$ cat structure.tsv   # TSV, C-alpha atoms
chain	number	residue	atom	x	y	z
A	1	MET	CA	-54.55	88.00	-74.59
A	2	ARG	CA	-54.06	84.88	-76.64
A	3	ILE	CA	-57.34	85.02	-78.56
A	4	ARG	CA	-56.60	88.63	-79.36
A	5	GLU	CA	-53.22	87.89	-80.83
A	6	TYR	CA	-54.53	84.86	-82.67
A	7	LEU	CA	-57.31	86.73	-84.40
A	8	CYS	CA	-55.25	89.74	-85.24
A	9	VAL	CA	-51.97	88.19	-86.24
A	10	MET	CA	-52.82	88.23	-89.92
A	11	GLN	CA	-53.43	91.92	-89.95
A	12	ASN	CA	-50.30	92.77	-88.09
A	13	SER	CA	-47.10	93.38	-89.93
A	14	PRO	CA	-43.96	93.08	-87.76
A	15	SER	CA	-43.53	96.84	-87.64
A	16	CYS	CA	-47.07	97.37	-86.48
A	17	LYS	CA	-48.09	97.55	-82.84
A	18	LEU	CA	-51.14	95.69	-81.62
A	19	GLY	CA	-54.15	97.93	-81.53
A	20	THR	CA	-53.22	100.05	-84.47
A	21	CYS	CA	-53.48	97.52	-87.27
A	22	CYS	CA	-56.24	95.19	-86.31
A	23	ILE	CA	-59.45	97.02	-87.08
A	24	LEU	CA	-61.31	94.84	-84.61
A	25	GLN	CA	-58.99	95.98	-81.85
A	26	SER	CA	-59.82	99.63	-82.08
A	27	LYS	CA	-62.22	100.86	-79.41
A	28	SER	CA	-64.52	102.54	-81.87
A	29	TRP	CA	-64.99	103.27	-85.53
A	30	ASN	CA	-66.14	106.42	-87.22
A	31	PRO	CA	-69.94	106.63	-86.75
A	32	PHE	CA	-70.54	107.37	-90.42
A	33	LEU	CA	-68.58	104.25	-91.33
A	34	VAL	CA	-70.59	102.19	-88.83
A	35	GLY	CA	-73.82	103.64	-90.23
A	36	ALA	CA	-72.75	102.84	-93.78
A	37	GLY	CA	-71.91	99.32	-92.61
A	38	MET	CA	-75.42	98.91	-91.24
A	39	GLY	CA	-76.79	100.24	-94.51
A	40	VAL	CA	-74.85	97.66	-96.50
A	41	LEU	CA	-75.94	94.98	-94.02
A	42	SER	CA	-79.52	96.05	-94.77
A	43	TRP	CA	-78.94	95.49	-98.48
A	44	ALA	CA	-77.71	92.01	-97.67
A	45	VAL	CA	-80.62	91.03	-95.44
A	46	PHE	CA	-83.16	92.28	-97.98
A	47	LEU	CA	-81.48	90.64	-100.95
A	48	VAL	CA	-80.20	87.40	-99.47
A	49	VAL	CA	-82.83	86.38	-96.93
A	50	ASN	CA	-85.66	88.86	-97.64
A	51	ASN	CA	-85.85	89.59	-93.93
A	52	PRO	CA	-85.11	93.07	-92.54
A	53	LEU	CA	-83.09	93.65	-89.34
A	54	GLY	CA	-85.18	93.53	-86.20
A	55	MET	CA	-84.86	92.58	-82.57
A	56	SER	CA	-87.97	93.20	-80.45
A	57	THR	CA	-90.16	90.53	-82.10
A	58	GLU	CA	-87.58	87.95	-81.11
A	59	ILE	CA	-87.46	89.23	-77.53
A	60	SER	CA	-91.24	88.89	-77.26
A	61	LYS	CA	-90.77	85.27	-78.36
A	62	PHE	CA	-88.43	84.89	-75.39
A	63	SER	CA	-91.35	86.24	-73.35
A	64	GLY	CA	-93.55	83.48	-74.74
A	65	TRP	CA	-90.99	80.88	-73.83
A	66	PHE	CA	-90.67	82.40	-70.35
A	67	ALA	CA	-94.46	82.41	-69.86
A	68	SER	CA	-94.68	78.79	-71.01
A	69	LEU	CA	-92.54	77.77	-68.03
A	70	PHE	CA	-95.37	78.92	-65.76
A	71	VAL	CA	-98.58	78.34	-67.68
A	72	GLY	CA	-97.53	75.69	-70.19
A	73	VAL	CA	-96.96	75.81	-73.95
A	74	GLU	CA	-100.63	75.29	-74.82
A	75	LYS	CA	-101.81	78.41	-73.05
A	76	VAL	CA	-99.04	80.43	-74.65
A	77	THR	CA	-99.79	79.30	-78.19
A	78	ALA	CA	-103.50	79.88	-77.50
A	79	ASN	CA	-102.75	83.53	-76.72
A	80	ASP	CA	-103.87	85.84	-79.48
A	81	TYR	CA	-100.52	87.60	-79.69
A	82	TRP	CA	-98.16	84.66	-79.45
A	83	SER	CA	-100.20	82.62	-81.93
A	84	GLY	CA	-98.94	85.13	-84.50
A	85	THR	CA	-95.35	85.09	-83.28
A	86	LYS	CA	-94.86	81.51	-82.11
A	87	PRO	CA	-91.94	80.99	-79.74
A	88	SER	CA	-89.43	78.90	-81.68
A	89	PHE	CA	-85.72	78.53	-82.17
A	90	SER	CA	-85.39	80.26	-85.49
A	91	TYR	CA	-83.36	82.54	-87.74
A	92	HIS	CA	-84.09	85.45	-85.42
A	93	THR	CA	-83.02	83.55	-82.31
A	94	ILE	CA	-79.65	82.86	-83.90
A	95	PHE	CA	-79.46	86.48	-85.07
A	96	LEU	CA	-80.01	87.72	-81.50
A	97	ILE	CA	-77.40	85.38	-80.00
A	98	ALA	CA	-74.95	86.23	-82.78
A	99	THR	CA	-75.45	89.95	-82.14
A	100	ALA	CA	-74.39	89.37	-78.55
A	101	ALA	CA	-71.47	87.24	-79.77
A	102	GLY	CA	-70.36	90.01	-82.13
A	103	ALA	CA	-70.42	92.59	-79.35
A	104	LEU	CA	-68.55	90.19	-77.05
A	105	LEU	CA	-65.91	89.59	-79.71
A	106	SER	CA	-65.54	93.30	-80.43
A	107	SER	CA	-65.36	94.37	-76.78
A	108	THR	CA	-62.94	91.58	-75.87
A	109	LEU	CA	-60.61	92.37	-78.77
A	110	SER	CA	-60.65	96.08	-78.02
A	111	GLY	CA	-60.19	95.48	-74.31
A	112	THR	CA	-63.29	97.46	-73.38
A	113	PHE	CA	-65.20	94.55	-71.83
A	114	THR	CA	-66.04	95.65	-68.27
A	115	PHE	CA	-68.69	94.64	-65.78
A	116	GLU	CA	-70.74	97.79	-65.43
A	117	LYS	CA	-73.35	98.21	-62.71
A	118	ILE	CA	-73.75	101.98	-62.74
A	119	PRO	CA	-72.88	104.04	-65.81
A	120	ALA	CA	-71.19	107.44	-65.35
A	121	VAL	CA	-74.03	109.69	-66.49
A	122	TRP	CA	-76.55	107.86	-64.29
A	123	ALA	CA	-74.23	108.06	-61.26
A	124	ALA	CA	-73.74	111.80	-61.69
A	125	HIS	CA	-77.48	112.46	-61.67
A	126	GLN	CA	-79.07	109.65	-59.70
A	127	GLY	CA	-76.36	108.54	-57.31
A	128	LYS	CA	-74.51	105.32	-56.75
A	129	SER	CA	-77.25	103.05	-55.45
A	130	VAL	CA	-76.99	99.79	-57.38
A	131	ALA	CA	-80.53	98.75	-56.37
A	132	LYS	CA	-82.00	101.98	-57.73
A	133	ARG	CA	-80.19	101.63	-61.06
A	134	MET	CA	-81.27	98.00	-61.42
A	135	ILE	CA	-84.91	98.75	-60.61
A	136	VAL	CA	-85.09	101.63	-63.08
A	137	SER	CA	-83.31	99.54	-65.72
A	138	PHE	CA	-85.83	96.73	-65.20
A	139	VAL	CA	-88.81	99.10	-65.41
A	140	GLY	CA	-87.27	100.73	-68.47
A	141	GLY	CA	-86.98	97.30	-70.07
A	142	VAL	CA	-90.65	96.55	-69.38
A	143	VAL	CA	-91.77	99.89	-70.84
A	144	ILE	CA	-89.51	99.80	-73.90
A	145	LEU	CA	-90.61	96.37	-75.03
A	146	TYR	CA	-94.27	97.08	-74.38
A	147	GLY	CA	-93.94	100.24	-76.48
A	148	ALA	CA	-92.02	98.43	-79.20
A	149	ARG	CA	-94.71	95.79	-79.53
A	150	MET	CA	-97.49	98.33	-79.56
A	151	ALA	CA	-95.74	100.33	-82.28
A	152	GLY	CA	-94.77	97.17	-84.16
A	153	GLY	CA	-90.99	97.53	-83.98
A	154	CYS	CA	-87.94	98.94	-82.23
A	155	THR	CA	-84.90	101.00	-83.19
A	156	SER	CA	-83.83	98.24	-85.59
A	157	GLY	CA	-87.19	97.20	-87.05
A	158	HIS	CA	-88.73	100.66	-87.26
A	159	GLY	CA	-85.75	102.97	-86.74
A	160	ILE	CA	-83.52	101.51	-89.44
A	161	SER	CA	-85.35	98.85	-91.48
A	162	GLY	CA	-88.65	100.72	-91.63
A	163	THR	CA	-87.43	104.26	-92.15
A	164	LEU	CA	-85.10	103.16	-94.98
A	165	GLN	CA	-88.15	101.82	-96.82
A	166	LEU	CA	-89.79	105.21	-96.30
A	167	ALA	CA	-92.58	103.66	-94.24
A	168	VAL	CA	-94.95	106.23	-92.73
A	169	SER	CA	-95.30	104.24	-89.48
A	170	SER	CA	-91.52	104.08	-88.98
A	171	TRP	CA	-90.91	107.81	-89.45
A	172	VAL	CA	-93.78	108.64	-87.08
A	173	PHE	CA	-92.34	106.16	-84.56
A	174	PHE	CA	-88.87	107.70	-84.95
A	175	ILE	CA	-90.17	111.21	-84.21
A	176	ALA	CA	-92.44	110.13	-81.30
A	177	MET	CA	-89.62	108.13	-79.72
A	178	PHE	CA	-87.22	111.03	-80.03
A	179	ALA	CA	-89.60	113.59	-78.56
A	180	SER	CA	-90.53	111.48	-75.55
A	181	GLY	CA	-86.89	110.51	-74.98
A	182	ILE	CA	-85.88	114.18	-74.83
A	183	VAL	CA	-88.56	114.94	-72.23
A	184	THR	CA	-87.70	111.86	-70.17
A	185	ALA	CA	-83.99	112.66	-70.25
A	186	ALA	CA	-84.65	116.22	-69.10
A	187	ILE	CA	-86.40	114.79	-66.03
A	188	VAL	CA	-83.98	111.94	-65.25
A	189	PHE	CA	-80.80	113.94	-65.81
A	190	ARG	CA	-81.80	117.21	-64.15
A	191	ASN	CA	-78.89	117.62	-61.72
A	192	ARG	CA	-77.37	120.92	-62.81
A	193	ASN	CA	-74.27	120.42	-60.70
A	194	ALA	CA	-73.41	117.18	-62.45
A	195	ASN	CA	-70.28	117.39	-64.58
A	196	VAL	CA	-71.46	114.82	-67.12
B	1	MET	CA	-77.60	80.87	-106.31
B	2	ASN	CA	-81.24	81.80	-106.07
B	3	PHE	CA	-82.22	84.60	-103.73
B	4	PRO	CA	-83.84	84.89	-101.30
B	5	ILE	CA	-82.56	81.98	-99.24
B	6	SER	CA	-85.17	80.53	-96.89
B	7	THR	CA	-84.54	81.62	-93.31
B	8	SER	CA	-85.43	78.15	-92.09
B	9	SER	CA	-82.84	76.40	-94.30
B	10	THR	CA	-79.40	75.51	-92.97
B	11	ALA	CA	-77.84	78.21	-95.12
B	12	GLY	CA	-80.37	80.71	-93.79
B	13	LEU	CA	-79.56	79.83	-90.19
B	14	LEU	CA	-75.82	80.14	-90.86
B	15	LEU	CA	-76.42	83.52	-92.44
B	16	ALA	CA	-78.36	84.59	-89.34
B	17	GLY	CA	-75.18	83.92	-87.39
B	18	LEU	CA	-73.05	85.89	-89.84
B	19	PHE	CA	-75.40	88.86	-90.08
B	20	GLY	CA	-75.90	88.95	-86.31
B	21	LEU	CA	-72.16	88.81	-85.71
B	22	ILE	CA	-71.59	91.76	-88.06
B	23	PHE	CA	-74.48	93.68	-86.46
B	24	GLY	CA	-73.05	93.09	-82.98
B	25	VAL	CA	-69.57	94.23	-83.99
B	26	LEU	CA	-71.02	97.34	-85.64
B	27	LEU	CA	-73.10	98.19	-82.56
B	28	HIS	CA	-70.08	97.94	-80.31
B	29	LYS	CA	-67.65	99.75	-82.62
B	30	GLY	CA	-70.27	102.45	-83.08
B	31	ARG	CA	-70.28	102.82	-79.26
B	32	VAL	CA	-74.06	102.49	-79.14
B	33	SER	CA	-73.72	99.56	-76.73
B	34	ASP	CA	-72.60	102.25	-74.25
B	35	TYR	CA	-75.36	103.57	-71.96
B	36	ASN	CA	-73.78	107.03	-71.78
B	37	VAL	CA	-73.71	107.45	-75.56
B	38	ILE	CA	-77.39	106.53	-75.86
B	39	VAL	CA	-78.74	108.79	-73.11
B	40	ASN	CA	-76.49	111.67	-74.16
B	41	LEU	CA	-78.26	111.74	-77.52
B	42	PHE	CA	-81.46	112.76	-75.75
B	43	ARG	CA	-79.49	115.40	-73.83
B	44	PHE	CA	-77.99	116.82	-77.05
B	45	ARG	CA	-74.49	116.02	-75.85
B	46	ASP	CA	-73.52	113.15	-78.13
B	47	PHE	CA	-74.90	112.68	-81.61
B	48	THR	CA	-73.22	109.37	-82.39
B	49	VAL	CA	-76.55	107.52	-82.45
B	50	LEU	CA	-78.11	110.02	-84.85
B	51	LYS	CA	-75.08	109.96	-87.17
B	52	ILE	CA	-75.13	106.16	-87.32
B	53	MET	CA	-78.88	105.90	-87.82
B	54	LEU	CA	-79.16	108.57	-90.50
B	55	THR	CA	-76.19	107.17	-92.43
B	56	ALA	CA	-77.65	103.65	-92.17
B	57	ILE	CA	-81.00	104.94	-93.42
B	58	LEU	CA	-79.47	106.83	-96.37
B	59	VAL	CA	-77.03	104.13	-97.49
B	60	GLY	CA	-79.46	101.29	-96.76
B	61	GLY	CA	-82.53	103.00	-98.16
B	62	ILE	CA	-81.05	104.21	-101.43
B	63	GLY	CA	-79.50	100.78	-102.03
B	64	VAL	CA	-82.66	98.88	-101.18
B	65	GLY	CA	-84.72	101.34	-103.24
B	66	LEU	CA	-82.47	100.80	-106.28
B	67	MET	CA	-82.60	97.02	-105.87
B	68	MET	CA	-86.37	97.30	-105.58
B	69	SER	CA	-86.69	99.23	-108.81
B	70	ALA	CA	-84.35	96.76	-110.51
B	71	ASP	CA	-86.83	94.04	-109.49
B	72	MET	CA	-84.22	92.22	-107.41
B	73	LEU	CA	-86.29	92.06	-104.23
B	74	GLU	CA	-89.43	90.17	-103.24
B	75	GLY	CA	-91.22	93.26	-101.96
B	76	TRP	CA	-91.39	95.84	-99.21
B	77	HIS	CA	-91.67	94.98	-95.53
B	78	ILE	CA	-93.75	97.89	-94.30
B	79	LYS	CA	-95.14	97.95	-90.77
B	80	GLU	CA	-98.77	98.88	-90.20
B	81	MET	CA	-99.49	102.55	-89.64
B	82	ASN	CA	-101.89	102.52	-86.69
B	83	VAL	CA	-101.84	106.19	-85.78
B	84	LEU	CA	-102.56	105.82	-82.05
B	85	GLY	CA	-100.55	102.61	-81.59
B	86	VAL	CA	-97.44	103.89	-83.35
B	87	ILE	CA	-97.45	107.25	-81.56
B	88	LEU	CA	-98.26	105.85	-78.11
B	89	GLY	CA	-95.83	102.95	-78.64
B	90	GLY	CA	-93.15	105.40	-79.77
B	91	VAL	CA	-93.71	107.59	-76.71
B	92	LEU	CA	-93.47	104.58	-74.37
B	93	PHE	CA	-90.39	103.43	-76.28
B	94	GLY	CA	-88.68	106.80	-75.78
B	95	ILE	CA	-89.40	106.74	-72.03
B	96	GLY	CA	-88.15	103.16	-71.79
B	97	MET	CA	-85.06	103.89	-73.84
B	98	VAL	CA	-83.93	106.65	-71.47
B	99	LEU	CA	-84.75	104.66	-68.30
B	100	TYR	CA	-83.12	101.47	-69.61
B	101	GLY	CA	-80.39	103.37	-71.43
B	102	TYR	CA	-80.48	101.04	-74.40
B	103	CYS	CA	-82.87	99.90	-77.07
B	104	PRO	CA	-83.64	96.19	-77.52
B	105	GLY	CA	-80.79	95.58	-79.99
B	106	THR	CA	-78.13	97.66	-78.25
B	107	GLY	CA	-79.23	96.17	-74.91
B	108	VAL	CA	-78.47	92.69	-76.20
B	109	ALA	CA	-75.08	93.92	-77.40
B	110	ALA	CA	-74.41	95.73	-74.11
B	111	ILE	CA	-75.00	92.57	-72.06
B	112	ALA	CA	-72.19	90.98	-74.04
B	113	THR	CA	-69.87	93.88	-73.23
B	114	GLY	CA	-70.38	93.28	-69.51
B	115	SER	CA	-73.25	95.63	-68.64
B	116	ILE	CA	-75.07	94.09	-65.66
B	117	HIS	CA	-77.88	96.63	-65.70
B	118	ALA	CA	-78.46	95.87	-69.38
B	119	LEU	CA	-79.03	92.25	-68.39
B	120	VAL	CA	-81.49	93.26	-65.66
B	121	GLY	CA	-83.32	95.45	-68.18
B	122	PHE	CA	-83.38	92.53	-70.62
B	123	LEU	CA	-85.33	90.56	-68.01
B	124	GLY	CA	-87.62	93.59	-67.82
B	125	MET	CA	-88.08	93.40	-71.60
B	126	ILE	CA	-89.12	89.75	-71.30
B	127	VAL	CA	-91.71	90.77	-68.70
B	128	GLY	CA	-92.81	93.65	-70.96
B	129	GLY	CA	-93.42	91.12	-73.73
B	130	VAL	CA	-95.51	88.98	-71.36
B	131	LEU	CA	-97.56	92.03	-70.32
B	132	TYR	CA	-98.13	92.90	-73.96
B	133	ALA	CA	-99.35	89.40	-74.78
B	134	ILE	CA	-101.69	89.45	-71.78
B	135	THR	CA	-103.16	92.84	-72.72
B	136	TYR	CA	-103.04	92.22	-76.48
B	137	GLY	CA	-106.79	91.70	-76.84
B	138	TRP	CA	-107.49	95.09	-75.34
B	139	VAL	CA	-104.64	96.85	-77.20
B	140	LYS	CA	-105.82	95.40	-80.49
B	141	SER	CA	-109.43	96.48	-80.10
B	142	SER	CA	-108.95	99.86	-78.39
B	143	ILE	CA	-105.56	101.15	-79.58
B	144	LEU	CA	-104.37	99.47	-82.77
B	145	SER	CA	-107.77	100.03	-84.37
B	146	VAL	CA	-107.58	103.82	-83.99
B	147	GLY	CA	-106.39	105.36	-87.22
B	148	ALA	CA	-105.44	102.05	-88.84
B	149	LEU	CA	-104.15	103.17	-92.23
B	150	GLY	CA	-102.44	99.94	-93.24
B	151	LYS	CA	-98.95	99.48	-94.70
B	152	VAL	CA	-98.41	102.91	-96.18
B	153	ARG	CA	-95.23	104.41	-97.56
B	154	LEU	CA	-94.42	108.12	-97.68
B	155	SER	CA	-94.68	108.18	-101.48
B	156	THR	CA	-98.12	106.55	-101.58
B	157	ALA	CA	-99.41	108.67	-98.70
B	158	THR	CA	-98.26	112.00	-100.16
B	159	GLY	CA	-97.96	111.41	-103.88
B	160	ILE	CA	-94.35	112.63	-103.73
B	161	PRO	CA	-92.14	109.97	-105.38
B	162	ASP	CA	-89.28	108.17	-103.60
B	163	PRO	CA	-86.37	109.96	-105.35
B	164	VAL	CA	-87.63	113.33	-104.13
B	165	TRP	CA	-87.77	112.01	-100.56
B	166	TRP	CA	-84.21	110.74	-100.89
B	167	VAL	CA	-82.88	114.00	-102.26
B	168	ALA	CA	-84.57	115.84	-99.38
B	169	LEU	CA	-83.30	113.38	-96.77
B	170	VAL	CA	-79.74	113.51	-98.08
B	171	ALA	CA	-79.83	117.32	-98.12
B	172	ILE	CA	-81.26	117.55	-94.59
B	173	SER	CA	-78.72	115.03	-93.28
B	174	LEU	CA	-75.76	116.81	-94.85
B	175	VAL	CA	-76.83	120.15	-93.37
B	176	LEU	CA	-77.36	118.47	-90.00
B	177	PHE	CA	-74.02	116.62	-90.06
B	178	ARG	CA	-72.24	119.86	-90.92
B	179	ALA	CA	-73.93	121.69	-88.06
B	180	LEU	CA	-73.11	118.85	-85.65
B	181	ASN	CA	-69.46	118.80	-86.70
B	182	ARG	CA	-69.22	122.56	-86.17
B	183	ARG	CA	-70.85	122.28	-82.78
B	184	GLU	CA	-68.52	119.45	-81.76
B	185	SER	CA	-65.36	121.22	-82.86
B	186	ALA	CA	-66.53	124.37	-81.08
B	187	ALA	CA	-67.07	122.38	-77.88
B	188	ARG	CA	-63.55	120.93	-78.04

$ encode --input "structure.tsv" --output "structure tokens"
Amino acid sequence: MRIREYLCVMQNSPSCKLGTCCILQSKSWNPFLVGAGMGVLSWAVFLVVNNPLGMSTEISKFSGWFASLFVGVEKVTANDYWSGTKPSFSYHTIFLIATAAGALLSSTLSGTFTFEKIPAVWAAHQGKSVAKRMIVSFVGGVVILYGARMAGGCTSGHGISGTLQLAVSSWVFFIAMFASGIVTAAIVFRNRNANV
Amino acid sequence: MNFPISTSSTAGLLLAGLFGLIFGVLLHKGRVSDYNVIVNLFRFRDFTVLKIMLTAILVGGIGVGLMMSADMLEGWHIKEMNVLGVILGGVLFGIGMVLYGYCPGTGVAAIATGSIHALVGFLGMIVGGVLYAITYGWVKSSILSVGALGKVRLSTATGIPDPVWWVALVAISLVLFRALNRRESAAR
């Protein structure tokens, strides 16, 4: 791909094959390195903009924008919850879009971008019905954001930004989320004959 | 340059783009934008998520803690400890995370790697946010008010100072990482 060669040309010496020199082209990095990267990113967001990493607050602002299409902006801003988190195009909106852009860039460069309807583990346990996967994914989305808002954060806001500040709420959230995820996974992925 | 930069300034908005871009690349390169990697954590088959999160917490937390004690930061950003709300929210979050196969951040990243079901679940998240706003009055009065302890940190709640927590967390993580590495090389 052209964009791939363009972005990676500087890192490629003539003797080096594509995919081995450009760090953005590799399919994955060592998880400890990625974790350390997120840690350093956390330093930056605390120091430079005084605003920890987070995602679910912004998504609930999308909800406010979505609701305003049906009931109007006034009703949305009059809502007790949205009056505290006013839907607006802000730092966090750009952060969310840029997160998607980063993942798009990374997956395109590494050649892993693929349209996925049914992931392998799901297929092995729940079959190949696209409708079923989409419905469960939708319901999962509803439940996860509702839970995130009730707890006050998600895997980014609580799971990384909160726990690293040694916040009691974030560590409790981390443990509760883990425990319920293990139970849910035992139910969803119960096919003993599945090979994944 | 004076820190912090206002998030509503032009520089702040540009930084949002830079930070988000880095976050997105890290999520994808860490493979946590992959449904299988996320759900396999809860099945004890793939510990990538745990390795990334614990390392991020240790590196991030010790750095932020040091900057805090050097008076370089404005202050903590602690979320309210509402006992019932945090536990119930965490339980719902865990159920949602397994059904959706992503969390809000990795879901956003996964959409950009081509996951159609991540996009469908994102629409679900928008609806979840609407439901929360609609029921917020009730949640606030009957759930968030139960065991509302405020913005507490482990050190203030227990009297055990931050450095002790960090030494313990580093020690636990190292033991855990070692055990995971052994387990993974045994499985290979």

$ residues_around --input "structure.tsv" --residues "Phe93 of chain B" --least-positions-apart "3" --cutoff "12 Å" --atoms "only C-alpha atoms" --output "mmCIF file with C-alpha atoms, in the coordinates of the input"
data_model
loop_
_atom_site.group_PDB
_atom_site.id
_atom_site.type_symbol
_atom_site.label_atom_id
_atom_site.label_comp_id
_atom_site.auth_asym_id
_atom_site.auth_seq_id
_atom_site.Cartn_x
_atom_site.Cartn_y
_atom_site.Cartn_z
ATOM 1 C CA SER A 56 -87.970 93.200 -80.450
ATOM 2 C CA VAL A 139 -88.810 99.100 -65.410
ATOM 3 C CA GLY A 140 -87.270 100.730 -68.470
ATOM 4 C CA GLY A 141 -86.980 97.300 -70.070
ATOM 5 C CA VAL A 142 -90.650 96.550 -69.380
ATOM 6 C CA VAL A 143 -91.770 99.890 -70.840
ATOM 7 C CA ILE A 144 -89.510 99.800 -73.900
ATOM 8 C CA LEU A 145 -90.610 96.370 -75.030
ATOM 9 C CA TYR A 146 -94.270 97.080 -74.380
ATOM 10 C CA GLY A 147 -93.940 100.240 -76.480
ATOM 11 C CA ALA A 148 -92.020 98.430 -79.200
ATOM 12 C CA ARG A 149 -94.710 95.790 -79.530
ATOM 13 C CA MET A 150 -97.490 98.330 -79.560
ATOM 14 C CA ALA A 151 -95.740 100.330 -82.280
ATOM 15 C CA GLY A 152 -94.770 97.170 -84.160
ATOM 16 C CA GLY A 153 -90.990 97.530 -83.980
ATOM 17 C CA CYS A 154 -87.940 98.940 -82.230
ATOM 18 C CA THR A 155 -84.900 101.000 -83.190
ATOM 19 C CA HIS A 158 -88.730 100.660 -87.260
ATOM 20 C CA GLY A 159 -85.750 102.970 -86.740
ATOM 21 C CA PHE A 173 -92.340 106.160 -84.560
ATOM 22 C CA PHE A 174 -88.870 107.700 -84.950
ATOM 23 C CA ILE A 175 -90.170 111.210 -84.210
ATOM 24 C CA ALA A 176 -92.440 110.130 -81.300
ATOM 25 C CA MET A 177 -89.620 108.130 -79.720
ATOM 26 C CA PHE A 178 -87.220 111.030 -80.030
ATOM 27 C CA ALA A 179 -89.600 113.590 -78.560
ATOM 28 C CA SER A 180 -90.530 111.480 -75.550
ATOM 29 C CA GLY A 181 -86.890 110.510 -74.980
ATOM 30 C CA ILE A 182 -85.880 114.180 -74.830
ATOM 31 C CA THR A 184 -87.700 111.860 -70.170
ATOM 32 C CA GLY B 85 -100.550 102.610 -81.590
ATOM 33 C CA VAL B 86 -97.440 103.890 -83.350
ATOM 34 C CA ILE B 87 -97.450 107.250 -81.560
ATOM 35 C CA LEU B 88 -98.260 105.850 -78.110
ATOM 36 C CA GLY B 89 -95.830 102.950 -78.640
ATOM 37 C CA GLY B 90 -93.150 105.400 -79.770
ATOM 38 C CA GLY B 96 -88.150 103.160 -71.790
ATOM 39 C CA MET B 97 -85.060 103.890 -73.840
ATOM 40 C CA VAL B 98 -83.930 106.650 -71.470
ATOM 41 C CA LEU B 99 -84.750 104.660 -68.300
ATOM 42 C CA TYR B 100 -83.120 101.470 -69.610
ATOM 43 C CA GLY B 101 -80.390 103.370 -71.430
ATOM 44 C CA TYR B 102 -80.480 101.040 -74.400
ATOM 45 C CA CYS B 103 -82.870 99.900 -77.070
ATOM 46 C CA PRO B 104 -83.640 96.190 -77.520
ATOM 47 C CA MET B 125 -88.080 93.400 -71.600
ATOM 48 C CA GLY B 128 -92.810 93.650 -70.960
#

$ residues_around --input "structure.tsv" --residues "Ile160 of chain A" --least-positions-apart "2" --cutoff "12 Å" --atoms "all atoms listed in the file" --output "ChimeraX atom specification"
/A:35-36,38-43,52-55,153-158,162-167,170-171,173-174 /B:49-50,52-61,78,105

$ atom_distance --input "structure.tsv" --atom1 "atom CA of Asn2 of chain B" --atom2 "atom CA of Gly17 of chain B"
19.8 Å

$ closest_residue --input "structure.tsv" --among "B:Val164, B:Ala186, B:Val91, B:Val146" --to "chain A" --atoms "only C-alpha atoms"
B:Val91

$ residues_around --input "structure.tsv" --residues "segment 67-76 of chain A" --least-positions-apart "2" --cutoff "12 Å" --atoms "all atoms listed in the file" --output "list in words"
Ser60, Lys61, Phe62, Ser63, Gly64, Trp65, Ala78, Asn79, Asp80, Tyr81, Trp82, Ser83, Gly84, Thr85, Lys86, Pro87 and Ser88 of chain A; Ile126, Val127, Gly128, Gly129, Val130, Leu131, Tyr132, Ala133 and Ile134 of chain B

$ atom_distance --input "structure.tsv" --atom1 "atom CA of Phe23 of chain B" --atom2 "atom CA of Gly102 of chain A"
7.0 Å

$ decode --input "structure.tsv" --residues "segment 173-183 of chain A" --atoms "N, CA and C atoms" --output "CSV table (one decimal), in the first residue's frame"
chain,number,residue,atom,x,y,z
A,173,PHE,N,-14.1,-1.0,41.8
A,173,PHE,CA,-14.7,-1.2,40.5
A,173,PHE,C,-14.0,-2.3,39.7
A,174,PHE,N,-12.7,-2.2,39.7
A,174,PHE,CA,-11.8,-3.2,39.0
A,174,PHE,C,-12.1,-4.6,39.5
A,175,ILE,N,-12.2,-4.8,40.8
A,175,ILE,CA,-12.4,-6.1,41.3
A,175,ILE,C,-13.9,-6.6,41.0
A,176,ALA,N,-14.9,-5.7,41.1
A,176,ALA,CA,-16.3,-6.1,40.9
A,176,ALA,C,-16.4,-6.4,39.4
A,177,MET,N,-15.8,-5.6,38.5
A,177,MET,CA,-15.9,-5.9,37.1
A,177,MET,C,-15.3,-7.2,36.7
A,178,PHE,N,-14.1,-7.5,37.3
A,178,PHE,CA,-13.4,-8.7,37.0
A,178,PHE,C,-14.3,-9.9,37.4
A,179,ALA,N,-14.8,-9.9,38.7
A,179,ALA,CA,-15.5,-11.0,39.2
A,179,ALA,C,-16.8,-11.3,38.3
A,180,SER,N,-17.5,-10.2,38.0
A,180,SER,CA,-18.7,-10.5,37.2
A,180,SER,C,-18.4,-10.9,35.8
A,181,GLY,N,-17.3,-10.4,35.3
A,181,GLY,CA,-16.9,-10.8,33.9
A,181,GLY,C,-16.6,-12.3,33.9
A,182,ILE,N,-15.9,-12.8,34.9
A,182,ILE,CA,-15.5,-14.2,35.0
A,182,ILE,C,-16.8,-15.1,35.0
A,183,VAL,N,-17.8,-14.7,35.8
A,183,VAL,CA,-19.0,-15.5,35.9
A,183,VAL,C,-19.8,-15.4,34.5
